[in-house]
>>> print(open('work04.txt').read())   # compact mmCIF, C-alpha atoms (C1' of nucleotides)
# COMPACT_ATOMS: atom_id res chain seq x y z
CA MET A 26 -69.20 165.22 -43.58
CA GLN A 27 -69.62 164.84 -47.31
CA LEU A 28 -72.21 167.63 -47.35
CA PHE A 29 -70.13 170.02 -45.25
CA TRP A 30 -67.19 169.16 -47.49
CA ARG A 31 -69.11 169.87 -50.67
CA ARG A 32 -71.08 172.94 -49.69
CA GLY A 33 -69.40 174.34 -46.61
CA TYR A 34 -70.80 174.72 -43.12
CA HIS A 35 -73.15 177.65 -43.59
CA LYS A 36 -74.57 176.59 -46.91
CA THR A 37 -75.40 173.13 -45.58
CA SER A 38 -78.86 173.21 -44.00
CA VAL A 39 -80.28 170.83 -41.44
CA ARG A 40 -82.80 169.92 -44.10
CA ASP A 41 -79.94 168.85 -46.37
CA LEU A 42 -78.54 166.76 -43.54
CA THR A 43 -81.84 165.04 -42.78
CA GLU A 44 -82.32 164.17 -46.43
CA ALA A 45 -78.77 162.89 -46.85
CA THR A 46 -78.87 160.78 -43.68
CA ARG A 47 -82.54 159.81 -44.08
CA LEU A 48 -82.89 160.78 -40.42
CA GLN A 49 -85.72 162.97 -39.22
CA PRO A 50 -84.73 166.15 -37.39
CA GLY A 51 -85.59 164.63 -34.02
CA SER A 52 -83.35 161.62 -34.59
CA LEU A 53 -80.53 163.80 -35.82
CA TYR A 54 -80.80 166.01 -32.75
CA GLY A 55 -80.97 162.89 -30.61
CA ALA A 56 -77.61 161.76 -31.94
CA PHE A 57 -75.94 165.18 -32.03
CA LYS A 58 -76.46 168.22 -29.89
CA ASN A 59 -76.93 170.50 -32.88
CA LYS A 60 -75.70 171.25 -36.37
CA ARG A 61 -72.43 172.72 -35.11
CA SER A 62 -71.74 169.64 -33.02
CA LEU A 63 -72.25 167.42 -36.06
CA PHE A 64 -69.88 169.64 -37.97
CA LEU A 65 -67.24 169.30 -35.27
CA TYR A 66 -67.61 165.51 -35.45
CA SER A 67 -67.19 165.73 -39.21
CA LEU A 68 -64.04 167.79 -38.79
CA ASP A 69 -62.61 165.30 -36.33
CA TYR A 70 -63.41 162.40 -38.61
CA TYR A 71 -61.79 164.13 -41.55
CA ALA A 72 -58.75 165.06 -39.49
CA GLY A 73 -58.43 161.46 -38.34
CA GLU A 74 -58.48 160.15 -41.89
CA LEU A 75 -55.94 162.77 -42.93
CA LYS A 76 -53.66 161.75 -40.09
CA ARG A 77 -53.81 158.10 -41.11
CA PHE A 78 -53.04 159.06 -44.70
CA VAL A 79 -50.09 161.23 -43.72
CA ASP A 80 -48.65 158.58 -41.45
CA ALA A 81 -49.02 155.91 -44.11
CA VAL A 82 -47.23 157.92 -46.78
CA LEU A 83 -44.55 159.62 -44.71
CA ASN A 84 -43.57 156.55 -42.68
CA SER A 85 -42.69 154.20 -45.52
CA ASP A 86 -39.19 152.75 -45.78
CA GLU A 87 -38.28 154.78 -48.82
CA PRO A 88 -35.80 157.67 -48.79
CA PRO A 89 -37.28 160.75 -47.08
CA LEU A 90 -37.54 162.95 -50.14
CA ALA A 91 -39.17 160.15 -52.12
CA ARG A 92 -41.81 159.95 -49.40
CA ILE A 93 -42.53 163.63 -49.74
CA ARG A 94 -42.79 163.30 -53.49
CA HIS A 95 -45.22 160.43 -53.04
CA PHE A 96 -47.30 162.57 -50.72
CA PHE A 97 -47.76 165.17 -53.42
CA GLU A 98 -48.38 162.53 -56.08
CA HIS A 99 -51.17 161.13 -53.93
CA LEU A 100 -52.50 164.63 -53.46
CA LEU A 101 -52.66 165.04 -57.23
CA GLU A 102 -54.37 161.66 -57.62
CA GLU A 103 -56.91 162.57 -54.99
CA THR A 104 -57.54 165.89 -56.69
CA ALA A 105 -57.97 164.22 -60.07
CA ALA A 106 -60.44 161.78 -58.51
CA ASP A 107 -62.54 164.65 -57.15
CA PRO A 108 -64.54 165.95 -60.11
CA GLU A 109 -66.79 167.93 -57.79
CA GLY A 110 -63.79 170.00 -56.73
CA LYS A 111 -64.53 169.68 -53.01
CA GLY A 112 -60.88 170.27 -52.20
CA CYS A 113 -59.86 169.89 -48.56
CA LEU A 114 -62.44 170.22 -45.81
CA LEU A 115 -59.86 171.74 -43.47
CA VAL A 116 -58.74 174.38 -45.94
CA ASN A 117 -62.32 175.17 -46.91
CA THR A 118 -63.25 175.52 -43.25
CA LEU A 119 -60.22 177.66 -42.45
CA LEU A 120 -61.34 180.19 -45.05
CA GLU A 121 -65.06 179.99 -44.29
CA VAL A 122 -65.07 180.26 -40.52
CA PRO A 123 -64.07 183.59 -38.94
CA ALA A 124 -60.83 183.70 -36.98
CA GLU A 125 -62.73 184.41 -33.76
CA ASP A 126 -64.31 180.96 -33.79
CA GLU A 127 -61.59 179.29 -31.79
CA GLU A 128 -63.43 176.03 -31.19
CA ILE A 129 -63.52 175.25 -34.89
CA ASN A 130 -60.25 176.88 -35.94
CA GLN A 131 -58.28 175.20 -33.19
CA ARG A 132 -59.23 171.74 -34.48
CA VAL A 133 -58.45 172.65 -38.07
CA ILE A 134 -55.12 174.28 -37.26
CA GLN A 135 -54.10 171.44 -34.98
CA ALA A 136 -54.69 168.89 -37.73
CA LEU A 137 -52.73 170.99 -40.22
CA GLU A 138 -49.91 171.52 -37.77
CA TYR A 139 -49.56 167.76 -37.47
CA VAL A 140 -48.94 167.51 -41.20
CA GLU A 141 -46.37 170.31 -41.03
CA LYS A 142 -44.66 168.62 -38.10
CA ARG A 143 -44.39 165.32 -39.97
CA PHE A 144 -43.02 167.13 -43.00
CA CYS A 145 -40.44 168.77 -40.79
CA GLN A 146 -39.40 165.44 -39.31
CA VAL A 147 -38.99 163.83 -42.71
CA LEU A 148 -37.01 166.82 -43.97
CA THR A 149 -34.77 166.66 -40.90
CA GLU A 150 -34.17 163.02 -41.69
CA ALA A 151 -33.17 164.00 -45.22
CA LEU A 152 -30.84 166.65 -43.82
CA GLU A 153 -29.11 164.11 -41.60
CA ARG A 154 -28.65 161.81 -44.56
CA GLY A 155 -27.17 164.72 -46.51
CA GLU A 156 -29.95 164.55 -49.08
CA LEU A 157 -31.46 167.96 -48.48
CA ALA A 158 -30.75 170.96 -50.68
CA SER A 159 -27.78 172.65 -49.02
CA GLY A 160 -28.40 175.60 -46.72
CA LYS A 161 -32.10 174.89 -46.33
CA ASP A 162 -33.89 174.74 -43.02
CA PRO A 163 -36.30 171.81 -42.52
CA SER A 164 -38.89 173.88 -40.66
CA THR A 165 -38.90 176.57 -43.34
CA LEU A 166 -39.19 173.97 -46.08
CA ALA A 167 -42.02 172.28 -44.19
CA ARG A 168 -43.87 175.59 -44.20
CA LEU A 169 -43.21 175.94 -47.91
CA LEU A 170 -44.68 172.50 -48.53
CA MET A 171 -47.77 173.37 -46.49
CA THR A 172 -48.12 176.52 -48.55
CA GLY A 173 -47.78 174.30 -51.60
CA ILE A 174 -50.63 172.05 -50.49
CA PHE A 175 -52.86 175.04 -49.76
CA GLY A 176 -51.93 176.70 -53.01
CA LEU A 177 -52.64 173.58 -55.05
CA ARG A 178 -56.00 173.24 -53.35
CA VAL A 179 -56.97 176.73 -54.45
CA TYR A 180 -55.31 176.54 -57.85
CA ASN A 181 -57.33 173.44 -58.61
CA LYS A 182 -60.51 175.48 -58.25
CA MET A 183 -59.11 177.98 -60.73
CA HIS A 184 -57.68 175.53 -63.29
CA PRO A 185 -58.53 171.92 -62.53
CA GLN A 186 -56.05 170.52 -65.05
CA ARG A 187 -53.77 167.69 -64.10
CA GLU A 188 -50.77 168.65 -66.23
CA GLU A 189 -50.57 172.18 -64.87
CA MET A 190 -50.68 170.91 -61.32
CA ASP A 191 -48.00 168.30 -62.12
CA ASP A 192 -45.68 171.07 -63.26
CA ILE A 193 -46.38 173.10 -60.15
CA VAL A 194 -45.48 170.17 -57.93
CA ASP A 195 -42.26 169.57 -59.87
CA SER A 196 -41.23 173.18 -59.41
CA LEU A 197 -42.17 173.14 -55.77
CA LEU A 198 -40.24 170.00 -54.99
CA SER A 199 -37.22 171.31 -56.85
CA VAL A 200 -36.67 173.57 -53.85
CA VAL A 201 -36.14 170.71 -51.40
CA ASN A 202 -34.47 168.38 -53.88
CA ALA A 203 -32.04 170.57 -55.73
CA MET B 28 -67.49 194.75 -50.28
CA GLN B 29 -65.85 194.99 -46.87
CA LEU B 30 -68.61 192.85 -45.37
CA PHE B 31 -68.48 190.20 -48.07
CA TRP B 32 -64.71 190.24 -47.69
CA ARG B 33 -64.85 189.76 -43.95
CA ARG B 34 -67.68 187.28 -43.61
CA GLY B 35 -68.13 185.77 -47.03
CA TYR B 36 -71.16 185.91 -49.29
CA HIS B 37 -73.52 183.54 -47.51
CA LYS B 38 -72.81 184.69 -44.01
CA THR B 39 -73.39 188.33 -44.93
CA SER B 40 -77.10 189.11 -44.55
CA VAL B 41 -79.03 191.91 -46.17
CA ARG B 42 -79.60 193.19 -42.66
CA ASP B 43 -75.83 193.44 -42.21
CA LEU B 44 -75.63 195.33 -45.48
CA THR B 45 -78.38 197.80 -44.57
CA GLU B 46 -76.74 198.53 -41.24
CA ALA B 47 -73.28 198.96 -42.76
CA THR B 48 -74.49 201.22 -45.56
CA ARG B 49 -77.13 202.97 -43.44
CA LEU B 50 -79.48 202.32 -46.34
CA GLN B 51 -82.95 200.92 -45.83
CA PRO B 52 -83.78 197.71 -47.71
CA GLY B 53 -85.84 199.59 -50.28
CA SER B 54 -83.01 201.97 -51.10
CA LEU B 55 -80.53 199.17 -51.32
CA TYR B 56 -82.80 197.26 -53.70
CA GLY B 57 -83.34 200.47 -55.65
CA ALA B 58 -79.60 200.72 -56.26
CA PHE B 59 -78.92 197.03 -56.82
CA LYS B 60 -81.15 194.30 -58.19
CA ASN B 61 -80.53 192.04 -55.22
CA LYS B 62 -77.91 190.80 -52.81
CA ARG B 63 -76.16 188.72 -55.44
CA SER B 64 -75.95 191.68 -57.79
CA LEU B 65 -74.34 193.76 -55.06
CA PHE B 66 -71.88 190.95 -54.48
CA LEU B 67 -71.00 190.86 -58.17
CA TYR B 68 -70.36 194.62 -58.06
CA SER B 69 -68.15 194.07 -55.02
CA LEU B 70 -66.20 191.41 -56.85
CA ASP B 71 -65.71 193.66 -59.85
CA TYR B 72 -64.58 196.52 -57.66
CA TYR B 73 -62.11 194.30 -55.85
CA ALA B 74 -60.84 192.84 -59.13
CA GLY B 75 -60.36 196.33 -60.48
CA GLU B 76 -58.31 197.41 -57.47
CA LEU B 77 -56.25 194.23 -57.74
CA LYS B 78 -55.57 194.89 -61.40
CA ARG B 79 -54.36 198.41 -60.65
CA PHE B 80 -52.11 197.09 -57.91
CA VAL B 81 -50.65 194.38 -60.13
CA ASP B 82 -50.01 196.78 -62.96
CA ALA B 83 -48.38 199.29 -60.65
CA VAL B 84 -45.98 196.78 -59.14
CA LEU B 85 -45.19 194.64 -62.18
CA ASN B 86 -44.72 197.55 -64.61
CA SER B 87 -42.05 199.47 -62.76
CA ASP B 88 -38.66 200.10 -64.39
CA GLU B 89 -36.81 197.73 -62.12
CA PRO B 90 -35.40 194.36 -63.25
CA PRO B 91 -38.19 191.81 -63.77
CA LEU B 92 -37.33 189.53 -60.88
CA ALA B 93 -37.07 192.50 -58.52
CA ARG B 94 -40.60 193.47 -59.53
CA ILE B 95 -41.83 190.03 -58.65
CA ARG B 96 -40.07 190.16 -55.32
CA HIS B 97 -41.69 193.51 -54.64
CA PHE B 98 -45.06 192.05 -55.45
CA PHE B 99 -44.64 189.45 -52.73
CA GLU B 100 -43.23 191.99 -50.31
CA HIS B 101 -46.33 194.09 -50.81
CA LEU B 102 -48.45 191.02 -50.33
CA LEU B 103 -46.75 190.43 -46.98
CA GLU B 104 -47.23 194.06 -45.99
CA GLU B 105 -50.89 193.91 -46.89
CA THR B 106 -51.28 190.71 -44.91
CA ALA B 107 -49.55 192.22 -41.89
CA ALA B 108 -51.87 195.23 -42.11
CA ASP B 109 -54.94 192.98 -42.05
CA PRO B 110 -55.36 191.96 -38.40
CA GLU B 111 -58.86 190.67 -39.13
CA GLY B 112 -57.36 188.08 -41.44
CA LYS B 113 -59.79 188.78 -44.27
CA GLY B 114 -57.30 187.46 -46.78
CA CYS B 115 -58.21 187.83 -50.45
CA LEU B 116 -61.84 188.24 -51.50
CA LEU B 117 -61.22 186.34 -54.72
CA VAL B 118 -59.62 183.36 -53.01
CA ASN B 119 -62.28 183.33 -50.32
CA THR B 120 -65.00 183.43 -52.96
CA LEU B 121 -63.35 180.72 -55.05
CA LEU B 122 -63.52 178.36 -52.10
CA GLU B 123 -66.96 179.42 -50.87
CA VAL B 124 -68.96 179.39 -54.09
CA PRO B 125 -69.66 176.03 -55.73
CA ALA B 126 -67.99 175.31 -59.05
CA GLU B 127 -71.37 175.24 -60.81
CA ASP B 128 -71.91 178.96 -60.18
CA GLU B 129 -70.29 180.10 -63.40
CA GLU B 130 -71.41 183.72 -63.17
CA ILE B 131 -69.42 184.26 -60.01
CA ASN B 132 -66.52 181.89 -60.66
CA GLN B 133 -65.92 183.26 -64.13
CA ARG B 134 -65.28 186.75 -62.76
CA VAL B 135 -63.00 185.48 -60.02
CA ILE B 136 -61.01 183.20 -62.31
CA GLN B 137 -60.70 185.88 -64.96
CA ALA B 138 -59.22 188.32 -62.45
CA LEU B 139 -56.78 185.69 -61.18
CA GLU B 140 -55.81 184.70 -64.70
CA TYR B 141 -54.84 188.30 -65.35
CA VAL B 142 -52.37 188.17 -62.48
CA GLU B 143 -50.93 184.90 -63.77
CA LYS B 144 -50.63 186.34 -67.27
CA ARG B 145 -48.73 189.38 -65.99
CA PHE B 146 -46.44 187.12 -63.97
CA CYS B 147 -45.78 185.10 -67.08
CA GLN B 148 -44.94 188.21 -69.09
CA VAL B 149 -42.52 189.47 -66.47
CA LEU B 150 -40.89 186.06 -66.22
CA THR B 151 -40.54 185.90 -70.00
CA GLU B 152 -38.83 189.27 -69.83
CA ALA B 153 -36.44 187.86 -67.25
CA LEU B 154 -35.79 184.85 -69.48
CA GLU B 155 -34.92 187.10 -72.44
CA ARG B 156 -32.51 189.04 -70.24
CA GLY B 157 -30.94 185.75 -69.16
CA GLU B 158 -31.91 186.38 -65.54
CA LEU B 159 -34.22 183.43 -65.10
CA ALA B 160 -33.19 180.21 -63.41
CA SER B 161 -31.92 178.02 -66.23
CA GLY B 162 -34.26 175.42 -67.68
CA LYS B 163 -37.38 176.96 -66.18
CA ASP B 164 -40.51 177.70 -68.14
CA PRO B 165 -42.14 181.13 -67.52
CA SER B 166 -45.69 179.80 -67.69
CA THR B 167 -44.94 177.03 -65.21
CA LEU B 168 -43.20 179.45 -62.86
CA ALA B 169 -46.14 181.83 -63.15
CA ARG B 170 -48.42 179.01 -62.00
CA LEU B 171 -46.04 178.30 -59.13
CA LEU B 172 -46.21 181.94 -58.06
CA MET B 173 -50.00 181.90 -58.20
CA THR B 174 -49.94 178.79 -56.05
CA GLY B 175 -47.62 180.67 -53.74
CA ILE B 176 -50.04 183.56 -53.37
CA PHE B 177 -52.92 181.20 -52.70
CA GLY B 178 -50.87 179.16 -50.27
CA LEU B 179 -49.73 182.23 -48.34
CA ARG B 180 -53.31 183.42 -48.11
CA VAL B 181 -54.34 180.17 -46.46
CA TYR B 182 -51.18 179.77 -44.40
CA ASN B 183 -51.79 183.19 -42.91
CA LYS B 184 -55.06 181.92 -41.50
CA MET B 185 -53.20 179.03 -39.91
CA HIS B 186 -50.16 180.94 -38.59
CA PRO B 187 -50.44 184.70 -39.02
CA GLN B 188 -46.78 185.36 -38.22
CA ARG B 189 -44.75 187.68 -40.36
CA GLU B 190 -41.40 185.94 -40.00
CA GLU B 191 -42.70 182.54 -41.04
CA MET B 192 -44.31 184.02 -44.11
CA ASP B 193 -41.12 185.91 -44.97
CA ASP B 194 -39.21 182.64 -44.99
CA ILE B 195 -41.82 181.00 -47.18
CA VAL B 196 -41.56 183.80 -49.73
CA ASP B 197 -37.77 183.54 -49.73
CA SER B 198 -37.95 179.83 -50.43
CA LEU B 199 -40.58 180.31 -53.08
CA LEU B 200 -38.66 182.99 -54.92
CA SER B 201 -35.48 180.93 -54.78
CA VAL B 202 -37.06 178.80 -57.49
CA VAL B 203 -37.22 181.59 -60.03
CA ASN B 204 -34.08 183.35 -58.89
CA ALA B 205 -31.59 180.57 -58.38
C1' DC C 28 -96.84 137.98 -24.25
C1' DT C 29 -95.89 141.98 -21.38
C1' DG C 30 -94.14 146.18 -19.89
C1' DA C 31 -90.43 149.34 -19.44
C1' DT C 32 -87.09 151.71 -22.22
C1' DA C 33 -85.29 153.70 -26.29
C1' DA C 34 -85.64 155.40 -30.95
C1' DT C 35 -88.23 157.60 -34.47
C1' DT C 36 -91.63 160.51 -36.28
C1' DG C 37 -93.06 164.94 -38.42
C1' DA C 38 -95.75 168.82 -37.43
C1' DG C 39 -94.67 173.00 -35.38
C1' DT C 40 -91.63 176.74 -32.81
C1' DG C 41 -89.79 181.52 -33.20
C1' DA C 42 -86.15 183.72 -35.62
C1' DT C 43 -84.10 185.24 -39.55
C1' DC C 44 -83.53 185.03 -44.47
C1' DG C 45 -83.92 187.87 -49.07
C1' DT C 46 -87.22 190.78 -51.04
C1' DT C 47 -91.28 193.92 -52.03
C1' DC C 48 -94.14 198.03 -52.01
C1' DA C 49 -97.44 201.54 -50.71
C1' DA C 50 -96.68 205.62 -48.22
C1' DT C 51 -93.81 209.44 -47.28
C1' DA C 52 -90.17 212.75 -47.91
C1' DA C 53 -86.83 215.21 -50.70
C1' DC C 54 -85.68 217.39 -54.72
C1' DC C 55 -85.95 220.76 -58.40
C1' DA C 56 -87.46 223.03 -62.83
C1' DT C 57 -90.96 226.27 -63.72
C1' DA D 16 -95.05 228.40 -54.19
C1' DT D 17 -96.26 224.45 -57.26
C1' DG D 18 -96.35 220.14 -59.59
C1' DG D 19 -93.88 216.24 -61.17
C1' DT D 20 -90.20 213.30 -60.54
C1' DT D 21 -87.01 210.70 -57.69
C1' DA D 22 -85.38 208.75 -53.37
C1' DT D 23 -86.25 206.97 -48.98
C1' DT D 24 -88.85 204.77 -45.56
C1' DG D 25 -89.97 200.69 -42.76
C1' DA D 26 -93.61 197.46 -42.15
C1' DA D 27 -94.66 193.24 -44.03
C1' DC D 28 -94.21 189.03 -47.21
C1' DG D 29 -93.43 184.07 -47.89
C1' DA D 30 -89.57 181.02 -47.51
C1' DT D 31 -86.31 178.96 -45.07
C1' DC D 32 -83.38 178.65 -41.05
C1' DA D 33 -81.94 175.73 -36.79
C1' DC D 34 -84.34 173.37 -33.53
C1' DT D 35 -88.12 171.10 -30.24
C1' DC D 36 -91.37 167.84 -28.48
C1' DA D 37 -95.58 165.21 -27.71
C1' DA D 38 -97.04 161.22 -29.94
C1' DT D 39 -95.96 157.02 -31.98
C1' DT D 40 -93.31 152.89 -33.04
C1' DA D 41 -89.53 149.66 -32.24
C1' DT D 42 -86.74 147.09 -29.13
C1' DC D 43 -85.95 143.54 -25.99
C1' DA D 44 -85.41 141.59 -21.19
C1' DG D 45 -88.17 138.75 -18.07
>>> encode(input="work04.txt", output="C-alpha cells")
Amino acid sequence: MQLFWRRGYHKTSVRDLTEATRLQPGSLYGAFKNKRSLFLYSLDYYAGELKRFVDAVLNSDEPPLARIRHFFEHLLEETAADPEGKGCLLVNTLLEVPAEDEEINQRVIQALEYVEKRFCQVLTEALERGELASGKDPSTLARLLMTGIFGLRVYNKMHPQREEMDDIVDSLLSVVNA
Amino acid sequence: MQLFWRRGYHKTSVRDLTEATRLQPGSLYGAFKNKRSLFLYSLDYYAGELKRFVDAVLNSDEPPLARIRHFFEHLLEETAADPEGKGCLLVNTLLEVPAEDEEINQRVIQALEYVEKRFCQVLTEALERGELASGKDPSTLARLLMTGIFGLRVYNKMHPQREEMDDIVDSLLSVVNA
DNA sequence: CTGATAATTGAGTGATCGTTCAATAACCAT
DNA sequence: ATGGTTATTGAACGATCACTCAATTATCAG
C-alpha cells in the first residue's frame, strides 16, 4: 500500500513490490492473484483506515461544527507529517485510473461517498441545533467540504506550506460557520 | 497532448503516440528528443492555452467579481463538455509525477501560480472598489479559489453531475462575494 | 524420525517498454 | 534529369514489464 500510495499504481512495478515485501514473485503471487488484486487489497485497507478515522473524529461529543473543524485540523496535521507529499491514495487513484475501470473506481468513490455522507449528517445535526449558517443546505455544504479536501490535497503538491493551507481551511469553514 | 491528457504520462506508450500521430517511431524521435520531451512540449502547449483562457476571462471590462464568476462558469462548461473526464492536464500531472521531478513539476506549478496571481490581482481590484467581502485578504481568497478549482476537478471524477458542481461553485463564491 | 503438505525460491516466460538506425523515399535547387 | 539534402520507414535493440512453475526448503502431525 505504501508503494502504491507513493508512486501510484502504474509506476509501481512487481519488482518494487517484491523488494519492499522481501517476498519472491512466486510467494507474492501465491498470496495475491496478481498485481491488480494486491492493489485492490491496498485500496480496501486504506479505505478502512479512513473510515475509522472519519468515525473517530466526526462522532465525538463536541458540537457538530467543532467536529468538522477538527477533521480539517487533523487533515492539516497529517499533511504536515507527510514530507513525501503522498497525499491521499484515493484521490491519487481517482485521477490516475481511467473512468472506465469500474472495479477500482467504484471502491474509491464508495469510500469517498461515506465521508461525504458523514459530513452531511453532522451538518444536518448543526442545522437542527440552529448552528448552521442560515439558508445553507447540508448536502451542498458537504459537497463543498469534499471539494475542500480534494483541493487541499492538490494544493499541497503545489505549495506545501502549512500557513497557506491554514488560511484556506479558515476561509472554507467560514462558509458553514458564518 | 490529448493522449497524455486522457491517460497520463506513464500509461501513454510510444506505440500509442505513433498510432495517434500516424508517425513512425523514427520520425517521432526525429521531431522530439524522446517521450519525456514530447510530454514537456505538451505541458507547455496546455499551459499556454490555459494562460490565454485565463487572460481572456479575467481581463474583461466587467466588475472583478463577475469576472471570477465567469471563470468558474466556463470551468463548469468545459467540464460538462468533457464526457471522457480528462479533467485538467496540469492537475493530473501534479498528482502523477513524483515531487522529486523538478523539471516537470516546475512547469506545472509555474502555470498554476500564474492563475493564482491573476486571481489575486482581480480580487485586489475588487477590494479597492469596496466590493470584496469585508475582512478578507485577496491572496488568501486567491488560494481558496485555486483550491476550489482543484477540488472541482477531483469531485467531477467522483460525481460528474452538473447540478452538484453548480451548487459547489455557488457556495465557494459566496465566500468572496458575501 | 517420517512423510505428506505447504511455502518459498529464483530462473525463465512472452509481451511490451522506450529507443535506435541503416535503408529507403521524398524533396528541391541546379 | 541530377545530385545532395532531408524525412520517413520499420525492423530490431536491450531493458523492463507482469507473471509462471519446477525444484527446493520449511512445517508439522502422527
>>> interface_residues(input="work04.txt", of="chain B", to="chain D", cutoff="9 Å", atoms="all atoms listed in the file", output="list in words")
Leu50, Gln51, Pro52, Gly53, Ser54 and Gly57 of chain B
>>> interface_residues(input="work04.txt", of="chain C", to="chain A", cutoff="10 Å", atoms="only C-alpha atoms (C1' of nucleotides)", output="VMD selection string")
chain C and resid 34 to 37
>>> interface_residues(input="work04.txt", of="chain A", to="chain B", cutoff="7 Å", atoms="all atoms listed in the file", output="list of chain:residue names")
A:Arg32, A:Asn117, A:Leu119, A:Leu120, A:Glu121, A:Pro123, A:Ile134, A:Thr165, A:Arg168, A:Leu169, A:Thr172, A:Gly173, A:Phe175, A:Gly176, A:Leu177, A:Val179, A:Tyr180, A:Lys182, A:Met183, A:Asp192, A:Ile193, A:Val200
>>> atom_distance(input="work04.txt", atom1="atom CA of Glu98 of chain A", atom2="atom CA of Glu153 of chain A")
24.2 Å
>>> closest_residue(input="work04.txt", among="B:Val41, B:Val81, B:Ala108, B:Leu150", to="Leu65 of chain B", atoms="only C-alpha atoms")
B:Val41
>>> atom_distance(input="work04.txt", atom1="atom CA of His97 of chain B", atom2="atom CA of Val84 of chain B")
7.0 Å
>>> atom_distance(input="work04.txt", atom1="atom CA of Asp107 of chain A", atom2="atom CA of Ala136 of chain A")
21.4 Å
>>> residues_around(input="work04.txt", residues="Tyr66 of chain A", least_positions_apart="2", cutoff="12 Å", atoms="all atoms listed in the file", output="list in words")
Met26, Phe29, Ala56, Phe57, Lys58, Asn59, Lys60, Arg61, Ser62, Leu63, Phe64, Leu68, Asp69, Tyr70, Tyr71, Ala72, Gly73, Ile129, Arg132 and Val133 of chain A
>>> write_last_selection(input="work04.txt", atoms="C-alpha atoms", output="CSV table (one decimal), in the coordinates of the input")
chain,number,residue,atom,x,y,z
A,26,MET,CA,-69.2,165.2,-43.6
A,29,PHE,CA,-70.1,170.0,-45.2
A,56,ALA,CA,-77.6,161.8,-31.9
A,57,PHE,CA,-75.9,165.2,-32.0
A,58,LYS,CA,-76.5,168.2,-29.9
A,59,ASN,CA,-76.9,170.5,-32.9
A,60,LYS,CA,-75.7,171.2,-36.4
A,61,ARG,CA,-72.4,172.7,-35.1
A,62,SER,CA,-71.7,169.6,-33.0
A,63,LEU,CA,-72.2,167.4,-36.1
A,64,PHE,CA,-69.9,169.6,-38.0
A,68,LEU,CA,-64.0,167.8,-38.8
A,69,ASP,CA,-62.6,165.3,-36.3
A,70,TYR,CA,-63.4,162.4,-38.6
A,71,TYR,CA,-61.8,164.1,-41.6
A,72,ALA,CA,-58.8,165.1,-39.5
A,73,GLY,CA,-58.4,161.5,-38.3
A,129,ILE,CA,-63.5,175.2,-34.9
A,132,ARG,CA,-59.2,171.7,-34.5
A,133,VAL,CA,-58.4,172.6,-38.1
>>> closest_residue(input="work04.txt", among="B:Cys147, B:Asp88, B:Tyr56, B:Glu46", to="DT46 of chain C", atoms="all atoms listed in the file")
B:Tyr56
>>> decode(input="work04.txt", residues="segment 93-106 of chain A", atoms="N, CA and C atoms", output="PDB file, in the first residue's frame")
ATOM      1  N   ILE A  93     -16.227  19.158  12.706  1.00  0.00           N
ATOM      2  CA  ILE A  93     -15.782  19.348  11.322  1.00  0.00           C
ATOM      3  C   ILE A  93     -14.472  20.126  11.292  1.00  0.00           C
ATOM      4  N   ARG A  94     -14.379  21.121  12.146  1.00  0.00           N
ATOM      5  CA  ARG A  94     -13.114  21.874  12.200  1.00  0.00           C
ATOM      6  C   ARG A  94     -11.972  20.944  12.598  1.00  0.00           C
ATOM      7  N   HIS A  95     -12.224  20.082  13.558  1.00  0.00           N
ATOM      8  CA  HIS A  95     -11.180  19.149  13.984  1.00  0.00           C
ATOM      9  C   HIS A  95     -10.769  18.221  12.842  1.00  0.00           C
ATOM     10  N   PHE A  96     -11.751  17.822  12.060  1.00  0.00           N
ATOM     11  CA  PHE A  96     -11.419  16.970  10.915  1.00  0.00           C
ATOM     12  C   PHE A  96     -10.380  17.659  10.028  1.00  0.00           C
ATOM     13  N   PHE A  97     -10.630  18.905   9.719  1.00  0.00           N
ATOM     14  CA  PHE A  97      -9.703  19.607   8.828  1.00  0.00           C
ATOM     15  C   PHE A  97      -8.368  19.902   9.517  1.00  0.00           C
ATOM     16  N   GLU A  98      -8.413  20.112  10.826  1.00  0.00           N
ATOM     17  CA  GLU A  98      -7.143  20.307  11.541  1.00  0.00           C
ATOM     18  C   GLU A  98      -6.311  19.033  11.491  1.00  0.00           C
ATOM     19  N   HIS A  99      -6.965  17.905  11.648  1.00  0.00           N
ATOM     20  CA  HIS A  99      -6.245  16.633  11.548  1.00  0.00           C
ATOM     21  C   HIS A  99      -5.699  16.429  10.142  1.00  0.00           C
ATOM     22  N   LEU A 100      -6.497  16.842   9.173  1.00  0.00           N
ATOM     23  CA  LEU A 100      -6.048  16.732   7.775  1.00  0.00           C
ATOM     24  C   LEU A 100      -4.772  17.542   7.562  1.00  0.00           C
ATOM     25  N   LEU A 101      -4.739  18.728   8.150  1.00  0.00           N
ATOM     26  CA  LEU A 101      -3.547  19.575   8.016  1.00  0.00           C
ATOM     27  C   LEU A 101      -2.362  18.949   8.747  1.00  0.00           C
ATOM     28  N   GLU A 102      -2.619  18.370   9.905  1.00  0.00           N
ATOM     29  CA  GLU A 102      -1.539  17.711  10.652  1.00  0.00           C
ATOM     30  C   GLU A 102      -0.972  16.552   9.838  1.00  0.00           C
ATOM     31  N   GLU A 103      -1.869  15.767   9.315  1.00  0.00           N
ATOM     32  CA  GLU A 103      -1.457  14.610   8.513  1.00  0.00           C
ATOM     33  C   GLU A 103      -0.633  15.063   7.311  1.00  0.00           C
ATOM     34  N   THR A 104      -1.082  16.134   6.695  1.00  0.00           N
ATOM     35  CA  THR A 104      -0.362  16.657   5.530  1.00  0.00           C
ATOM     36  C   THR A 104       1.031  17.146   5.926  1.00  0.00           C
ATOM     37  N   ALA A 105       1.097  17.827   7.071  1.00  0.00           N
ATOM     38  CA  ALA A 105       2.386  18.340   7.529  1.00  0.00           C
ATOM     39  C   ALA A 105       3.332  17.188   7.879  1.00  0.00           C
ATOM     40  N   ALA A 106       2.761  16.072   8.306  1.00  0.00           N
ATOM     41  CA  ALA A 106       3.572  14.920   8.709  1.00  0.00           C
ATOM     42  C   ALA A 106       3.863  13.997   7.523  1.00  0.00           C
TER      43      ALA A 106
END
